[in-house]
>>> print(open('coords.txt').read())   # compact mmCIF, C-alpha atoms
# COMPACT_ATOMS: atom_id res chain seq x y z
CA MET A 1 68.43 -26.15 116.51
CA SER A 2 66.27 -24.78 119.28
CA ASP A 3 64.97 -26.91 122.12
CA GLN A 4 61.49 -26.34 120.69
CA GLY A 5 62.61 -27.65 117.29
CA ALA A 6 64.15 -30.73 118.90
CA ALA A 7 60.95 -31.34 120.87
CA VAL A 8 58.84 -31.15 117.69
CA ILE A 9 61.17 -33.55 115.87
CA ALA A 10 60.99 -36.00 118.79
CA LEU A 11 57.19 -35.72 118.82
CA ALA A 12 57.00 -36.24 115.04
CA GLN A 13 59.09 -39.41 115.35
CA ARG A 14 56.79 -41.02 117.91
CA ALA A 15 53.32 -39.60 117.13
CA GLU A 16 50.93 -41.74 115.12
CA LEU A 17 47.97 -40.31 113.22
CA LEU A 18 44.93 -42.18 114.55
CA GLU A 19 41.91 -40.35 113.15
CA PHE A 20 41.21 -37.71 110.52
CA LEU A 21 37.75 -36.22 111.02
CA PRO A 22 36.51 -33.37 108.81
CA THR A 23 34.08 -31.46 111.03
CA GLY A 24 32.70 -28.94 108.58
CA THR A 25 32.96 -27.60 105.07
CA LEU A 26 31.49 -24.60 103.35
CA ALA A 27 31.53 -23.55 99.71
CA ARG A 28 29.59 -20.40 98.86
CA ARG A 29 29.37 -18.24 95.75
CA THR A 30 28.75 -14.55 96.28
CA ALA A 31 25.40 -13.51 94.80
CA GLY A 32 25.73 -10.97 92.03
CA VAL A 33 29.49 -11.44 91.63
CA SER A 34 30.57 -13.33 88.53
CA GLY A 35 33.41 -15.81 88.71
CA PRO A 36 36.57 -15.23 86.74
CA PRO A 37 36.86 -16.23 83.10
CA PRO A 38 39.16 -19.17 82.32
CA GLY A 39 42.80 -18.13 82.51
CA ALA A 40 42.16 -15.11 84.75
CA ARG A 41 44.41 -14.63 87.73
CA ILE A 42 42.73 -15.39 91.05
CA ASP A 43 43.75 -13.68 94.28
CA LEU A 44 43.45 -15.90 97.35
CA ASN A 45 43.02 -14.65 100.89
CA ILE A 46 43.89 -17.67 103.05
CA ASP A 47 43.28 -17.69 106.79
CA THR A 48 44.60 -20.64 108.81
CA ARG A 49 43.78 -21.27 112.45
CA VAL A 50 45.28 -24.13 114.42
CA GLY A 51 44.82 -25.30 117.99
CA VAL A 52 45.60 -28.36 120.08
CA VAL A 53 43.72 -30.24 122.77
CA ARG A 54 45.55 -32.77 124.93
CA ASP A 55 43.63 -35.94 125.76
CA GLN A 56 45.71 -38.06 128.17
CA ASP A 57 48.55 -39.49 126.04
CA ARG A 58 46.79 -38.45 122.85
CA PHE A 59 46.29 -35.02 121.35
CA VAL A 60 43.96 -33.52 118.77
CA VAL A 61 44.96 -30.91 116.21
CA LEU A 62 42.01 -28.62 115.43
CA ALA A 63 42.31 -26.69 112.19
CA ALA A 64 40.20 -24.31 110.15
CA ILE A 65 41.29 -23.10 106.73
CA GLY A 66 39.28 -20.26 105.24
CA VAL A 67 39.69 -19.08 101.66
CA ARG A 68 38.18 -16.01 99.97
CA THR A 69 38.69 -15.69 96.24
CA ARG A 70 38.73 -12.58 94.07
CA THR A 71 39.43 -12.01 90.42
CA ASN A 72 42.65 -10.03 90.11
CA GLY A 73 41.64 -6.54 88.97
CA GLY A 74 37.97 -7.47 89.09
CA ASP A 75 35.17 -6.96 91.59
CA ALA A 76 36.30 -5.97 95.09
CA LYS A 77 33.95 -8.56 96.56
CA PRO A 78 35.10 -12.18 96.70
CA PHE A 79 33.38 -14.35 94.09
CA ALA A 80 33.49 -17.38 96.39
CA ARG A 81 34.31 -18.42 99.94
CA PHE A 82 35.45 -21.81 101.22
CA LEU A 83 35.93 -23.18 104.71
CA TYR A 84 37.48 -26.53 105.66
CA ARG A 85 37.52 -27.63 109.32
CA VAL A 86 39.09 -30.80 110.62
CA ASN A 87 40.15 -32.56 113.82
CA VAL A 88 43.15 -34.88 113.60
CA ARG A 89 43.86 -37.22 116.52
CA TYR A 90 47.39 -38.43 117.25
CA SER A 91 48.82 -40.85 119.80
CA ASN A 92 51.97 -40.65 121.91
CA ALA A 93 51.95 -37.05 123.15
CA GLY A 94 54.20 -38.23 125.97
CA ASP A 95 55.72 -35.42 127.98
CA ALA A 96 55.63 -32.90 125.12
CA SER A 97 54.95 -29.36 126.29
CA ASP A 98 51.88 -27.46 125.13
CA GLU A 99 54.21 -25.27 123.07
CA ALA A 100 55.72 -28.31 121.33
CA LEU A 101 52.25 -29.71 120.61
CA LEU A 102 51.20 -26.40 119.06
CA ALA A 103 54.40 -26.18 117.01
CA PHE A 104 53.77 -29.76 115.82
CA ALA A 105 50.21 -28.79 114.87
CA GLN A 106 51.44 -25.77 112.88
CA THR A 107 53.97 -27.84 110.95
CA ASN A 108 53.42 -31.59 110.81
CA GLY A 109 49.68 -31.35 111.45
CA MET A 110 49.22 -28.86 108.62
CA VAL A 111 51.33 -31.04 106.31
CA HIS A 112 48.82 -33.83 106.95
CA ILE A 113 45.76 -31.55 106.58
CA TRP A 114 46.68 -29.26 103.69
CA PRO A 115 46.28 -31.73 100.76
CA TYR A 116 42.70 -32.47 101.85
CA ALA A 117 41.89 -28.76 102.13
CA ARG A 118 43.38 -28.16 98.66
CA ALA A 119 41.31 -31.00 97.19
CA PHE A 120 38.13 -29.72 98.86
CA VAL A 121 38.54 -26.15 97.59
CA GLN A 122 39.36 -27.21 94.04
CA GLY A 123 36.55 -29.79 93.89
CA ALA A 124 33.98 -27.45 95.42
CA ALA A 125 34.88 -24.64 93.01
CA THR A 126 34.49 -26.83 89.96
CA SER A 127 31.26 -28.34 91.35
CA MET A 128 29.84 -24.80 91.55
CA GLY A 129 30.73 -24.19 87.91
CA LEU A 130 33.72 -21.96 88.68
CA VAL A 131 37.18 -22.25 87.24
CA PRO A 132 39.34 -24.51 89.43
CA VAL A 133 40.65 -22.67 92.49
CA THR A 134 43.97 -24.20 93.47
CA LEU A 135 45.59 -23.44 96.80
CA PRO A 136 49.39 -23.16 96.79
CA PHE A 137 51.50 -25.99 98.13
CA PHE A 138 51.86 -25.87 101.90
CA ARG A 139 55.03 -24.36 103.27
CA VAL A 140 55.91 -24.64 106.94
CA ALA A 141 55.40 -20.87 107.28
CA ALA A 142 51.79 -19.78 106.89
CA PRO A 143 50.72 -19.86 103.22
CA ASN A 144 49.54 -16.25 103.34
CA GLY A 145 52.89 -15.05 104.74
CA ARG A 146 51.40 -14.08 108.11
CA PRO A 147 52.26 -15.92 111.31
CA MET A 148 49.90 -18.79 111.96
CA GLU A 149 47.28 -18.07 114.60
CA ALA A 150 47.60 -20.05 117.80
CA SER A 151 44.07 -19.33 118.91
CA PRO A 152 41.52 -22.06 119.53
CA VAL A 153 39.26 -23.07 116.68
CA ARG A 154 35.59 -22.29 117.34
>>> encode(input="coords.txt", output="structure tokens")
Amino acid sequence: MSDQGAAVIALAQRAELLEFLPTGTLARRTAGVSGPPPGARIDLNIDTRVGVVRDQDRFVVLAAIGVRTRTNGGDAKPFARFLYRVNVRYSNAGDASDEALLAFAQTNGMVHIWPYARAFVQGAATSMGLVPVTLPFFRVAAPNGRPMEASPVR
């Protein structure tokens, strides 16, 4: 196990989730593009961005999860777009390095955040009269197979 991995495990053992604050959501249908019929395969383009802000002995994980949906083999334009933004505050950052905090955010933080993002996307899609759009289960690697972005959330 790398030193970074050991640092993240140590941080996960002592950190406490203090506050979960959704800071913005968006659900938008694309005008002129019909949603998929029931049973159609939906292609998801998922973009995750994660950042960390240290606040004395506490730290905040900032995350934005964007989803564009297309009908497989259908219109090239997405039929809907979703955005879920959240700040999650934790205690006990201790002497963790900035790299360890970011690695924690990309793993443990996303494990805490992902179920809420999944629920938002599915609920928003059905509220707009679309077939349910279900995000895949979170895996520690980025759900779209690309490395997770370590840039700040704006």
>>> closest_residue(input="coords.txt", among="A:Tyr84, A:Phe138, A:Tyr90, A:Phe120", to="Gln106 of chain A", atoms="only C-alpha atoms")
A:Phe138
>>> closest_residue(input="coords.txt", among="A:Gly109, A:Pro38, A:Gly94, A:Gly5", to="Thr71 of chain A", atoms="only C-alpha atoms")
A:Pro38
>>> residues_around(input="coords.txt", residues="Thr23 of chain A", least_positions_apart="4", cutoff="9 Å", atoms="all atoms listed in the file", output="list in words")
Tyr84, Arg85, Val86 and Asn87 of chain A
>>> closest_residue(input="coords.txt", among="A:Val67, A:Ala10, A:Val88, A:Leu130", to="Ser34 of chain A", atoms="all atoms listed in the file")
A:Leu130
>>> atom_distance(input="coords.txt", atom1="atom CA of Thr134 of chain A", atom2="atom CA of Gly51 of chain A")
24.6 Å
>>> closest_residue(input="coords.txt", among="A:Gly32, A:Gly24, A:Leu135, A:Glu19", to="Pro78 of chain A", atoms="only C-alpha atoms")
A:Gly32
>>> closest_residue(input="coords.txt", among="A:Met128, A:Leu11, A:Ala63, A:Val111", to="Thr30 of chain A", atoms="only C-alpha atoms")
A:Met128
>>> closest_residue(input="coords.txt", among="A:Asn72, A:Gln56, A:Ser91, A:Gln13", to="Gly35 of chain A", atoms="all atoms listed in the file")
A:Asn72
>>> residues_around(input="coords.txt", residues="Pro136 of chain A", least_positions_apart="2", cutoff="10 Å", atoms="only C-alpha atoms", output="tab-separated table (two decimals) with C-alpha atoms, keeping the file's coordinate frame")
chain	number	residue	atom	x	y	z
A	44	LEU	CA	43.45	-15.90	97.35
A	46	ILE	CA	43.89	-17.67	103.05
A	114	TRP	CA	46.68	-29.26	103.69
A	115	PRO	CA	46.28	-31.73	100.76
A	118	ARG	CA	43.38	-28.16	98.66
A	133	VAL	CA	40.65	-22.67	92.49
A	134	THR	CA	43.97	-24.20	93.47
A	138	PHE	CA	51.86	-25.87	101.90
A	139	ARG	CA	55.03	-24.36	103.27
A	143	PRO	CA	50.72	-19.86	103.22
A	144	ASN	CA	49.54	-16.25	103.34
>>> residues_near_point(input="coords.txt", point="(32.5, -27.7, 101.9)", cutoff="8 Å", atoms="only C-alpha atoms", output="list in words")
Gly24, Thr25, Leu26, Ala27, Phe82, Leu83, Tyr84, Phe120, Val121 and Ala124 of chain A
>>> residues_around(input="coords.txt", residues="Asp55 of chain A", least_positions_apart="5", cutoff="12 Å", atoms="all atoms listed in the file", output="list in words")
Val60, Val61, Arg89, Tyr90, Ser91, Asn92, Ala93, Gly94, Asp98 and Leu101 of chain A
>>> write_last_selection(input="coords.txt", atoms="C-alpha atoms", output="PDB file, in the coordinates of the input")
ATOM      1  CA  VAL A  60      43.960 -33.520 118.770  1.00  0.00           C
ATOM      2  CA  VAL A  61      44.960 -30.910 116.210  1.00  0.00           C
ATOM      3  CA  ARG A  89      43.860 -37.220 116.520  1.00  0.00           C
ATOM      4  CA  TYR A  90      47.390 -38.430 117.250  1.00  0.00           C
ATOM      5  CA  SER A  91      48.820 -40.850 119.800  1.00  0.00           C
ATOM      6  CA  ASN A  92      51.970 -40.650 121.910  1.00  0.00           C
ATOM      7  CA  ALA A  93      51.950 -37.050 123.150  1.00  0.00           C
ATOM      8  CA  GLY A  94      54.200 -38.230 125.970  1.00  0.00           C
ATOM      9  CA  ASP A  98      51.880 -27.460 125.130  1.00  0.00           C
ATOM     10  CA  LEU A 101      52.250 -29.710 120.610  1.00  0.00           C
TER      11      LEU A 101
END
>>> atom_distance(input="coords.txt", atom1="atom CA of Thr48 of chain A", atom2="atom CA of Ala64 of chain A")
5.9 Å
>>> atom_distance(input="coords.txt", atom1="atom CA of Arg70 of chain A", atom2="atom CA of Asp43 of chain A")
5.1 Å
>>> residues_around(input="coords.txt", residues="Arg29 of chain A", least_positions_apart="4", cutoff="8 Å", atoms="only C-alpha atoms", output="list in words")
Val33, Phe79, Ala80, Arg81 and Met128 of chain A
